[in-house]
Amino acid sequence: MPRVSRVTPEQLLAISRIRGSAAEAEQLRKMDAQRRSNASNIINPHEVKGDYDAGRLLMTTLNGEIRPITHEDLATFRKHVKSVGGRLKKGLTAQQIINLSRKEDRERANEQIHMAVPAGTNKGTVRFITNASKDSNVTRHHVSVELVNYEAAVASPTDPKKLAQWLVKESPLKYDCDCGRHTFWYRYITTIGGFNAGRPENGYPKLKNPNLAGVACKHVLRVMHELSKNMNIRNVIAEMIDRGQRGAAKNNGVITQKKAAEIAKMQKARKREISASDIKKPSKALTKLAAKKNNKGASKRPVDSEQALFDAQRNLRKLLQSGLISQADFNVLVKANR
Ligand SMILES: [Zn+2]
């Protein structure tokens with residue numbers, strides 16, 4: 001479905017205003033933390049475990065209608081937690097986040113969210129601004145993305161542009177959005193999956209998302225799409241890696257308003273469709289490792305594949321050393337290569 005964009009150039013400029021955006025995002029984080037600490041209807045992890053007093057009369061929408069939570073519901077919640085934890089613990093790439101999203105969120109992103117502009121970078125974290133939908137009571141949203149393997153990239157002597165591509169296409173990401181959909185539907189999922197970049201949420205979404213379906217709101221989806229496909233954004237990340245590799249003491253990069261406006265304008269004109277098309281595709285890094293395994297004993301192999309393999313092994317070792325992957329993950333990945 002083609003995206004419908006009703007944003008004027010003036011509005012576009014207001015949405016992509018960089019100055020003050022970090023303070024605005026911080027203010028929203030504080031308001032969210034305040035709201036959370038005042039909430040009285042949160043179901044705690046020990047209650048989901050079974051230590052639940054029915055007298056609390058907490059409600060759920062599991063199986064449709066809104067009704068008080070039963071001990072049977074708690075068993076279902078535990079089953080969902082186990083399933084999500086098992087599936088998502090290894091971290092998700094941008095495309096995997098899109099693939100695991102709900103169709104309705106992708107449709108909303110395609111119809112309503114056309115802009116995801118980087119507003120600042122700092123040591124592996126990129127702060128984005130997206131437009132809000134026209135029905136929203138705010139004009140924009142703040143999404144932050146943590147490039148999980150950033151430190152490994154900085155430690156590598158490889159060209160920053162190549163590393164930027166590796167970070168945005170093949171490496172796991174953590175994320176956060178200030179919107180209600182992320183807060184009440186998905187923050188719990190990103191928390192138990194270990195890829196939450198903001199305030200963790202340990203209260204099961206018993207009302208909004210009792211089946212723990214989906215992983216990302218329309219703003220995060222637009223960001224993931226642009227992050228993995230937009231060359232301008234990749235260049236911003238390459239610059240951040242370059243600063244890191246040079247050992248710059250101050251690694252927070254400022255995006256100029258001119259650049260932000262340029263990116264926003266281009267995004268509006270190009271209307272990129274988000275689709276969950278690559279569901280069965282294994283990651284390139286793993287494909288390279290598997291290729292090495294299949295070629296064992298073969299005398300000829302393209303030189304670039306050797307190099308890619310060497311890079312992948314080195315990166316894996318760094319990930320292990322920096323604690324970003326476990327020894328078990330490392331063993332599995334390196335074994336695929338023997
Ligand atoms: Zn959002």
# chains A, B, ... in the order shown; residues from 1 in each chain; ligands from 1
>>> residues_around(residues="A:Thr8", least_positions_apart="2", cutoff="12 Å", atoms="only C-alpha atoms", output="PDB file with C-alpha atoms, in the first residue's frame")
ATOM      1  CA  SER A   5       2.028  11.736   3.527  1.00  0.00           C
ATOM      2  CA  ARG A   6       0.355  15.005   4.372  1.00  0.00           C
ATOM      3  CA  GLU A  10       7.515  23.573   7.183  1.00  0.00           C
ATOM      4  CA  GLN A  11       6.181  20.739   9.328  1.00  0.00           C
ATOM      5  CA  LEU A  12       8.965  18.532   8.060  1.00  0.00           C
ATOM      6  CA  LEU A  13      11.524  21.042   9.232  1.00  0.00           C
ATOM      7  CA  ALA A  14       9.829  21.352  12.644  1.00  0.00           C
ATOM      8  CA  ILE A  15       9.788  17.585  13.064  1.00  0.00           C
ATOM      9  CA  ASN A 131       7.319  11.969  12.682  1.00  0.00           C
ATOM     10  CA  ALA A 264      14.110  13.980   5.921  1.00  0.00           C
ATOM     11  CA  LYS A 265      13.385  15.493   2.523  1.00  0.00           C
ATOM     12  CA  LYS A 268       9.700  11.883   2.090  1.00  0.00           C
TER      13      LYS A 268
END
>>> residues_near_ligand(ligand="ligand 1", cutoff="12 Å", atoms="only C-alpha atoms and all ligand atoms", output="JSON list (two decimals) with N, CA and C atoms, in the first residue's frame")
[["chain", "number", "residue", "atom", "x", "y", "z"],
["A", 105, "ASP", "N", 1.52, -3.23, 12.47],
["A", 105, "ASP", "CA", 2.54, -2.21, 12.77],
["A", 105, "ASP", "C", 3.31, -1.83, 11.51],
["A", 106, "ARG", "N", 3.58, -2.83, 10.66],
["A", 106, "ARG", "CA", 4.28, -2.53, 9.40],
["A", 106, "ARG", "C", 3.39, -1.68, 8.50],
["A", 108, "ARG", "N", 1.04, 0.39, 9.45],
["A", 108, "ARG", "CA", 1.00, 1.74, 10.01],
["A", 108, "ARG", "C", 2.28, 2.50, 9.69],
["A", 109, "ALA", "N", 3.40, 1.81, 9.80],
["A", 109, "ALA", "CA", 4.68, 2.47, 9.49],
["A", 109, "ALA", "C", 4.70, 2.91, 8.03],
["A", 112, "GLN", "N", 1.97, 5.84, 7.70],
["A", 112, "GLN", "CA", 2.00, 7.06, 8.52],
["A", 112, "GLN", "C", 3.39, 7.59, 8.84],
["A", 113, "ILE", "N", 4.36, 6.72, 8.92],
["A", 113, "ILE", "CA", 5.68, 7.18, 9.39],
["A", 113, "ILE", "C", 6.66, 7.15, 8.22],
["A", 116, "ALA", "N", 12.71, 9.08, 9.50],
["A", 116, "ALA", "CA", 13.51, 8.65, 10.66],
["A", 116, "ALA", "C", 14.89, 9.28, 10.47],
["A", 128, "PHE", "N", 17.29, 8.82, 17.11],
["A", 128, "PHE", "CA", 16.51, 9.18, 15.93],
["A", 128, "PHE", "C", 15.28, 9.99, 16.31],
["A", 129, "ILE", "N", 14.84, 10.80, 15.36],
["A", 129, "ILE", "CA", 13.54, 11.47, 15.49],
["A", 129, "ILE", "C", 12.68, 10.93, 14.35],
["A", 130, "THR", "N", 11.44, 10.55, 14.66],
["A", 130, "THR", "CA", 10.51, 10.18, 13.60],
["A", 130, "THR", "C", 9.31, 11.12, 13.68],
["A", 131, "ASN", "N", 8.57, 11.23, 12.59],
["A", 131, "ASN", "CA", 7.32, 11.97, 12.68],
["A", 131, "ASN", "C", 6.32, 11.11, 13.44],
["A", 132, "ALA", "N", 5.27, 11.77, 13.98],
["A", 132, "ALA", "CA", 4.18, 11.02, 14.61],
["A", 132, "ALA", "C", 3.05, 10.95, 13.58],
["A", 133, "SER", "N", 2.07, 10.06, 13.79],
["A", 133, "SER", "CA", 0.95, 10.00, 12.84],
["A", 133, "SER", "C", 0.09, 11.25, 13.02],
["A", 136, "SER", "N", -1.95, 11.61, 16.20],
["A", 136, "SER", "CA", -1.25, 11.61, 17.49],
["A", 136, "SER", "C", -1.34, 12.99, 18.14],
["A", 138, "VAL", "N", 1.17, 14.24, 19.69],
["A", 138, "VAL", "CA", 2.51, 14.83, 19.62],
["A", 138, "VAL", "C", 2.91, 14.90, 18.13],
["A", 140, "ARG", "N", 6.20, 14.40, 17.06],
["A", 140, "ARG", "CA", 7.31, 13.52, 16.72],
["A", 140, "ARG", "C", 7.63, 12.56, 17.86],
["A", 141, "HIS", "N", 8.41, 11.54, 17.54],
["A", 141, "HIS", "CA", 8.83, 10.57, 18.55],
["A", 141, "HIS", "C", 10.35, 10.41, 18.55],
["A", 142, "HIS", "N", 10.86, 9.96, 19.68],
["A", 142, "HIS", "CA", 12.29, 9.75, 19.83],
["A", 142, "HIS", "C", 12.56, 8.26, 19.95],
["A", 143, "VAL", "N", 13.38, 7.76, 19.06],
["A", 143, "VAL", "CA", 13.75, 6.33, 19.09],
["A", 143, "VAL", "C", 15.26, 6.27, 19.28],
["A", 144, "SER", "N", 15.72, 5.49, 20.24],
["A", 144, "SER", "CA", 17.18, 5.35, 20.31],
["A", 144, "SER", "C", 17.56, 3.91, 20.03],
["A", 175, "TYR", "N", 16.81, -1.29, 21.30],
["A", 175, "TYR", "CA", 16.09, -0.06, 20.94],
["A", 175, "TYR", "C", 15.07, 0.35, 21.99],
["A", 176, "ASP", "N", 14.65, 1.61, 21.83],
["A", 176, "ASP", "CA", 13.67, 2.18, 22.74],
["A", 176, "ASP", "C", 12.89, 3.26, 21.97],
["A", 177, "CYS", "N", 11.58, 3.38, 22.27],
["A", 177, "CYS", "CA", 10.78, 4.46, 21.67],
["A", 177, "CYS", "C", 9.93, 5.05, 22.79],
["A", 178, "ASP", "N", 9.63, 6.34, 22.70],
["A", 178, "ASP", "CA", 8.87, 6.98, 23.78],
["A", 178, "ASP", "C", 7.36, 6.81, 23.63],
["A", 179, "CYS", "N", 6.91, 6.13, 22.57],
["A", 179, "CYS", "CA", 5.46, 6.07, 22.32],
["A", 179, "CYS", "C", 4.77, 5.04, 23.23],
["A", 180, "GLY", "N", 3.44, 5.14, 23.26],
["A", 180, "GLY", "CA", 2.65, 4.25, 24.10],
["A", 180, "GLY", "C", 2.70, 2.81, 23.63],
["A", 181, "ARG", "N", 2.73, 2.62, 22.32],
["A", 181, "ARG", "CA", 2.76, 1.25, 21.78],
["A", 181, "ARG", "C", 4.03, 0.53, 22.29],
["A", 182, "HIS", "N", 5.17, 1.18, 22.18],
["A", 182, "HIS", "CA", 6.39, 0.53, 22.68],
["A", 182, "HIS", "C", 6.29, 0.32, 24.19],
["A", 183, "THR", "N", 5.85, 1.36, 24.89],
["A", 183, "THR", "CA", 5.81, 1.31, 26.35],
["A", 183, "THR", "C", 4.90, 0.21, 26.88],
["A", 184, "PHE", "N", 3.69, 0.12, 26.33],
["A", 184, "PHE", "CA", 2.71, -0.80, 26.92],
["A", 184, "PHE", "C", 2.57, -2.15, 26.21],
["A", 185, "TRP", "N", 3.04, -2.25, 24.99],
["A", 185, "TRP", "CA", 2.94, -3.52, 24.26],
["A", 185, "TRP", "C", 4.30, -4.26, 24.21],
["A", 186, "TYR", "N", 5.36, -3.48, 23.92],
["A", 186, "TYR", "CA", 6.61, -4.15, 23.53],
["A", 186, "TYR", "C", 7.77, -4.01, 24.50],
["A", 187, "ARG", "N", 7.72, -3.05, 25.42],
["A", 187, "ARG", "CA", 8.89, -2.85, 26.28],
["A", 187, "ARG", "C", 9.18, -4.08, 27.14],
["A", 215, "VAL", "N", 7.18, -7.19, 18.10],
["A", 215, "VAL", "CA", 8.35, -6.69, 18.84],
["A", 215, "VAL", "C", 8.56, -5.18, 18.70],
["A", 216, "ALA", "N", 7.93, -4.55, 17.70],
["A", 216, "ALA", "CA", 8.29, -3.15, 17.45],
["A", 216, "ALA", "C", 7.12, -2.31, 16.97],
["A", 217, "CYS", "N", 7.08, -1.06, 17.44],
["A", 217, "CYS", "CA", 6.07, -0.09, 17.03],
["A", 217, "CYS", "C", 6.41, 0.46, 15.64],
["A", 218, "LYS", "N", 5.50, 1.23, 15.07],
["A", 218, "LYS", "CA", 5.70, 1.76, 13.71],
["A", 218, "LYS", "C", 6.90, 2.70, 13.64],
["A", 219, "HIS", "N", 7.22, 3.39, 14.73],
["A", 219, "HIS", "CA", 8.37, 4.32, 14.71],
["A", 219, "HIS", "C", 9.68, 3.53, 14.65],
["A", 220, "VAL", "N", 9.76, 2.49, 15.50],
["A", 220, "VAL", "CA", 10.96, 1.65, 15.50],
["A", 220, "VAL", "C", 11.11, 0.97, 14.13],
["A", 221, "LEU", "N", 9.99, 0.54, 13.54],
["A", 221, "LEU", "CA", 10.07, -0.13, 12.24],
["A", 221, "LEU", "C", 10.61, 0.80, 11.16],
["A", 222, "ARG", "N", 10.14, 2.04, 11.16],
["A", 222, "ARG", "CA", 10.68, 3.00, 10.18],
["A", 222, "ARG", "C", 12.17, 3.20, 10.42],
["A", 223, "VAL", "N", 12.56, 3.32, 11.70],
["A", 223, "VAL", "CA", 13.97, 3.51, 12.02],
["A", 223, "VAL", "C", 14.80, 2.31, 11.55],
["A", 224, "MET", "N", 14.32, 1.10, 11.82],
["A", 224, "MET", "CA", 15.07, -0.10, 11.43],
["A", 224, "MET", "C", 15.24, -0.18, 9.92]]
>>> atom_distance(atom1="atom CA of A:Val154", atom2="atom CA of A:Gln245")
5.0 Å
>>> closest_atom_pairs(of="stretch 114-220 of chain A", to="stretch 94-101 of chain A", cutoff="8 Å", atoms="only C-alpha atoms", output="Markdown table")
| residue | atom | partner | partner_atom | distance |
| --- | --- | --- | --- | --- |
| A:Val168 | CA | A:Ala94 | CA | 6.8 |
| A:Lys169 | CA | A:Ala94 | CA | 6.4 |
| A:Glu170 | CA | A:Ala94 | CA | 7.9 |
| A:Pro172 | CA | A:Ala94 | CA | 7.5 |
| A:Leu173 | CA | A:Ala94 | CA | 7.0 |
| A:Ala213 | CA | A:Ser101 | CA | 7.9 |
| A:Gly214 | CA | A:Ser101 | CA | 4.4 |
| A:Val215 | CA | A:Ser101 | CA | 5.2 |
| A:Ala216 | CA | A:Ser101 | CA | 5.7 |
| A:Cys217 | CA | A:Ser101 | CA | 7.9 |
>>> write_last_selection(atoms="N, CA and C atoms", output="PDB file, in the first residue's frame")
ATOM      1  N   VAL A 168      24.773  -2.349  11.057  1.00  0.00           N
ATOM      2  CA  VAL A 168      23.347  -2.082  10.815  1.00  0.00           C
ATOM      3  C   VAL A 168      22.629  -3.246  10.124  1.00  0.00           C
ATOM      4  N   LYS A 169      23.376  -4.111   9.454  1.00  0.00           N
ATOM      5  CA  LYS A 169      22.698  -5.187   8.713  1.00  0.00           C
ATOM      6  C   LYS A 169      22.815  -6.551   9.376  1.00  0.00           C
ATOM      7  N   GLU A 170      23.936  -6.815  10.019  1.00  0.00           N
ATOM      8  CA  GLU A 170      24.179  -8.186  10.482  1.00  0.00           C
ATOM      9  C   GLU A 170      24.314  -8.331  11.988  1.00  0.00           C
ATOM     10  N   PRO A 172      23.266  -7.535  16.152  1.00  0.00           N
ATOM     11  CA  PRO A 172      22.073  -7.289  16.962  1.00  0.00           C
ATOM     12  C   PRO A 172      21.949  -5.825  17.393  1.00  0.00           C
ATOM     13  N   LEU A 173      20.722  -5.408  17.620  1.00  0.00           N
ATOM     14  CA  LEU A 173      20.434  -4.026  17.996  1.00  0.00           C
ATOM     15  C   LEU A 173      19.555  -4.016  19.244  1.00  0.00           C
ATOM     16  N   ALA A 213       2.809 -10.807  21.363  1.00  0.00           N
ATOM     17  CA  ALA A 213       2.978 -10.843  19.904  1.00  0.00           C
ATOM     18  C   ALA A 213       3.637  -9.563  19.407  1.00  0.00           C
ATOM     19  N   GLY A 214       4.528  -9.699  18.415  1.00  0.00           N
ATOM     20  CA  GLY A 214       5.190  -8.534  17.828  1.00  0.00           C
ATOM     21  C   GLY A 214       6.376  -8.085  18.664  1.00  0.00           C
ATOM     22  N   VAL A 215       7.179  -7.190  18.101  1.00  0.00           N
ATOM     23  CA  VAL A 215       8.346  -6.689  18.839  1.00  0.00           C
ATOM     24  C   VAL A 215       8.560  -5.185  18.704  1.00  0.00           C
ATOM     25  N   ALA A 216       7.927  -4.553  17.699  1.00  0.00           N
ATOM     26  CA  ALA A 216       8.288  -3.152  17.446  1.00  0.00           C
ATOM     27  C   ALA A 216       7.115  -2.309  16.969  1.00  0.00           C
ATOM     28  N   CYS A 217       7.084  -1.063  17.443  1.00  0.00           N
ATOM     29  CA  CYS A 217       6.072  -0.086  17.027  1.00  0.00           C
ATOM     30  C   CYS A 217       6.411   0.459  15.642  1.00  0.00           C
TER      31      CYS A 217
END
>>> closest_residue(among="A:Arg19, A:Arg127, A:Lys30, A:Arg270", to="A:Arg199", atoms="only C-alpha atoms")
A:Lys30
>>> closest_residue(among="A:Lys134, A:Gly193, A:Asn230, A:Pro118", to="A:Gln165", atoms="only C-alpha atoms")
A:Asn230
>>> atom_distance(atom1="atom CA of A:Ala276", atom2="atom CA of A:Tyr204")
26.5 Å
>>> closest_residue(among="A:Thr76, A:Leu58, A:Glu104, A:Gly203", to="A:Ser37", atoms="only C-alpha atoms")
A:Gly203
>>> atom_distance(atom1="atom CA of A:Ala238", atom2="atom CA of A:Leu88")
27.3 Å
>>> closest_residue(among="A:Leu207, A:Val148, A:Ala153, A:Ile192", to="A:Glu65", atoms="only C-alpha atoms")
A:Leu207
>>> residues_around(residues="A:Gly124", least_positions_apart="4", cutoff="7 Å", atoms="only C-alpha atoms", output="PyMOL selection string")
chain A and resi 146-147+150
>>> write_last_selection(atoms="N, CA and C atoms", output="PDB file, in the first residue's frame")
ATOM      1  N   GLU A 146      20.784   1.149  20.033  1.00  0.00           N
ATOM      2  CA  GLU A 146      22.134   0.822  20.485  1.00  0.00           C
ATOM      3  C   GLU A 146      22.706  -0.236  19.546  1.00  0.00           C
ATOM      4  N   LEU A 147      23.832   0.071  18.926  1.00  0.00           N
ATOM      5  CA  LEU A 147      24.508  -0.885  18.041  1.00  0.00           C
ATOM      6  C   LEU A 147      25.358  -1.773  18.944  1.00  0.00           C
ATOM      7  N   TYR A 150      29.158  -2.306  18.614  1.00  0.00           N
ATOM      8  CA  TYR A 150      29.924  -1.088  18.318  1.00  0.00           C
ATOM      9  C   TYR A 150      31.363  -1.157  18.835  1.00  0.00           C
TER      10      TYR A 150
END
>>> residues_around(residues="A:Lys79", least_positions_apart="4", cutoff="12 Å", atoms="only C-alpha atoms", output="JSON, numbers by chain")
{"A": [48, 49, 72, 73, 74, 75, 83, 84, 85, 86, 210, 211, 212]}
>>> select_by_dssp(residues="stretch 76-164 of chain A", states="alpha helix (DSSP H)", output="VMD selection string")
chain A and resid 76 to 88 94 to 99 103 to 112 150 to 155 160 to 164
>>> write_last_selection(atoms="N, CA and C atoms", output="compact mmCIF listing (two decimals), in the first residue's frame")
# COMPACT_ATOMS: atom_id res chain seq x y z
N THR A 76 -0.28 -19.61 31.38
CA THR A 76 -0.16 -19.22 29.97
C THR A 76 0.90 -18.13 29.81
N PHE A 77 0.88 -17.15 30.72
CA PHE A 77 1.89 -16.08 30.67
C PHE A 77 3.30 -16.69 30.74
N ARG A 78 3.47 -17.62 31.67
CA ARG A 78 4.80 -18.23 31.86
C ARG A 78 5.24 -18.95 30.58
N LYS A 79 4.27 -19.60 29.95
CA LYS A 79 4.57 -20.31 28.70
C LYS A 79 5.03 -19.31 27.63
N HIS A 80 4.33 -18.18 27.54
CA HIS A 80 4.69 -17.15 26.55
C HIS A 80 6.08 -16.57 26.85
N VAL A 81 6.35 -16.33 28.12
CA VAL A 81 7.65 -15.75 28.51
C VAL A 81 8.77 -16.70 28.09
N LYS A 82 8.56 -17.98 28.34
CA LYS A 82 9.57 -18.98 28.02
C LYS A 82 9.80 -19.03 26.52
N SER A 83 8.72 -19.00 25.78
CA SER A 83 8.82 -19.08 24.32
C SER A 83 9.53 -17.85 23.76
N VAL A 84 9.13 -16.66 24.22
CA VAL A 84 9.75 -15.42 23.72
C VAL A 84 11.23 -15.37 24.14
N GLY A 85 11.49 -15.69 25.40
CA GLY A 85 12.86 -15.66 25.89
C GLY A 85 13.75 -16.58 25.06
N GLY A 86 13.26 -17.77 24.77
CA GLY A 86 14.04 -18.74 24.00
C GLY A 86 14.29 -18.28 22.58
N ARG A 87 13.29 -17.65 22.00
CA ARG A 87 13.40 -17.25 20.59
C ARG A 87 14.25 -16.00 20.40
N LEU A 88 14.18 -15.08 21.35
CA LEU A 88 14.75 -13.75 21.10
C LEU A 88 16.05 -13.45 21.83
N ALA A 94 18.23 -5.65 12.34
CA ALA A 94 17.16 -4.75 11.88
C ALA A 94 16.10 -5.52 11.10
N GLN A 95 16.54 -6.36 10.16
CA GLN A 95 15.56 -7.09 9.35
C GLN A 95 14.78 -8.10 10.18
N GLN A 96 15.44 -8.71 11.16
CA GLN A 96 14.71 -9.66 12.01
C GLN A 96 13.65 -8.94 12.85
N ILE A 97 13.96 -7.74 13.27
CA ILE A 97 12.98 -6.94 14.04
C ILE A 97 11.76 -6.69 13.14
N ILE A 98 12.02 -6.33 11.89
CA ILE A 98 10.92 -6.09 10.94
C ILE A 98 10.14 -7.39 10.71
N ASN A 99 10.87 -8.50 10.54
CA ASN A 99 10.21 -9.78 10.27
C ASN A 99 9.33 -10.24 11.42
N LYS A 103 1.95 -7.41 11.40
CA LYS A 103 1.61 -6.84 10.09
C LYS A 103 0.99 -5.46 10.26
N GLU A 104 0.13 -5.31 11.26
CA GLU A 104 -0.54 -4.01 11.43
C GLU A 104 0.46 -2.89 11.75
N ASP A 105 1.52 -3.23 12.47
CA ASP A 105 2.54 -2.21 12.77
C ASP A 105 3.31 -1.83 11.51
N ARG A 106 3.58 -2.83 10.66
CA ARG A 106 4.28 -2.53 9.40
C ARG A 106 3.39 -1.68 8.50
N GLU A 107 2.10 -2.00 8.46
CA GLU A 107 1.19 -1.21 7.62
C GLU A 107 1.11 0.22 8.13
N ARG A 108 1.04 0.39 9.45
CA ARG A 108 1.00 1.74 10.01
C ARG A 108 2.28 2.50 9.69
N ALA A 109 3.40 1.81 9.80
CA ALA A 109 4.68 2.47 9.49
C ALA A 109 4.70 2.91 8.03
N ASN A 110 4.21 2.04 7.15
CA ASN A 110 4.21 2.38 5.72
C ASN A 110 3.27 3.53 5.40
N GLU A 111 2.13 3.57 6.08
CA GLU A 111 1.15 4.61 5.77
C GLU A 111 1.44 5.93 6.48
N GLN A 112 1.97 5.84 7.70
CA GLN A 112 2.00 7.06 8.52
C GLN A 112 3.39 7.59 8.84
N TYR A 150 29.16 -2.31 18.61
CA TYR A 150 29.92 -1.09 18.32
C TYR A 150 31.36 -1.16 18.83
N GLU A 151 31.55 -1.61 20.07
CA GLU A 151 32.91 -1.65 20.64
C GLU A 151 33.82 -2.59 19.84
N ALA A 152 33.23 -3.69 19.36
CA ALA A 152 34.00 -4.62 18.52
C ALA A 152 34.40 -3.93 17.22
N ALA A 153 33.51 -3.12 16.68
CA ALA A 153 33.81 -2.39 15.44
C ALA A 153 34.95 -1.40 15.67
N VAL A 154 34.90 -0.70 16.78
CA VAL A 154 35.92 0.31 17.09
C VAL A 154 37.29 -0.36 17.28
N ALA A 155 37.28 -1.55 17.85
CA ALA A 155 38.54 -2.26 18.09
C ALA A 155 39.12 -2.85 16.81
N PRO A 160 35.77 1.87 8.38
CA PRO A 160 34.53 2.20 9.11
C PRO A 160 33.26 2.01 8.29
N LYS A 161 33.33 2.23 6.99
CA LYS A 161 32.11 2.06 6.19
C LYS A 161 31.67 0.60 6.14
N LYS A 162 32.66 -0.30 6.03
CA LYS A 162 32.32 -1.73 6.04
C LYS A 162 31.77 -2.14 7.40
N LEU A 163 32.42 -1.59 8.45
CA LEU A 163 31.97 -1.93 9.80
C LEU A 163 30.56 -1.40 10.06
N ALA A 164 30.29 -0.21 9.51
CA ALA A 164 28.96 0.38 9.68
C ALA A 164 27.92 -0.53 9.05
>>> closest_residue(among="A:Asn232, A:Gly91, A:Ile241, A:Ile66", to="A:Lys259", atoms="only C-alpha atoms")
A:Asn232
>>> select_by_dssp(residues="stretch 1-237 of chain A", states="strand (DSSP E)", output="number ranges by chain")
A: 59-60, 67-68, 116-122, 125-131, 140-147, 173-177
>>> closest_residue(among="A:Ile42, A:Val126, A:Ile233, A:Leu227", to="A:Asn251", atoms="only C-alpha atoms")
A:Val126
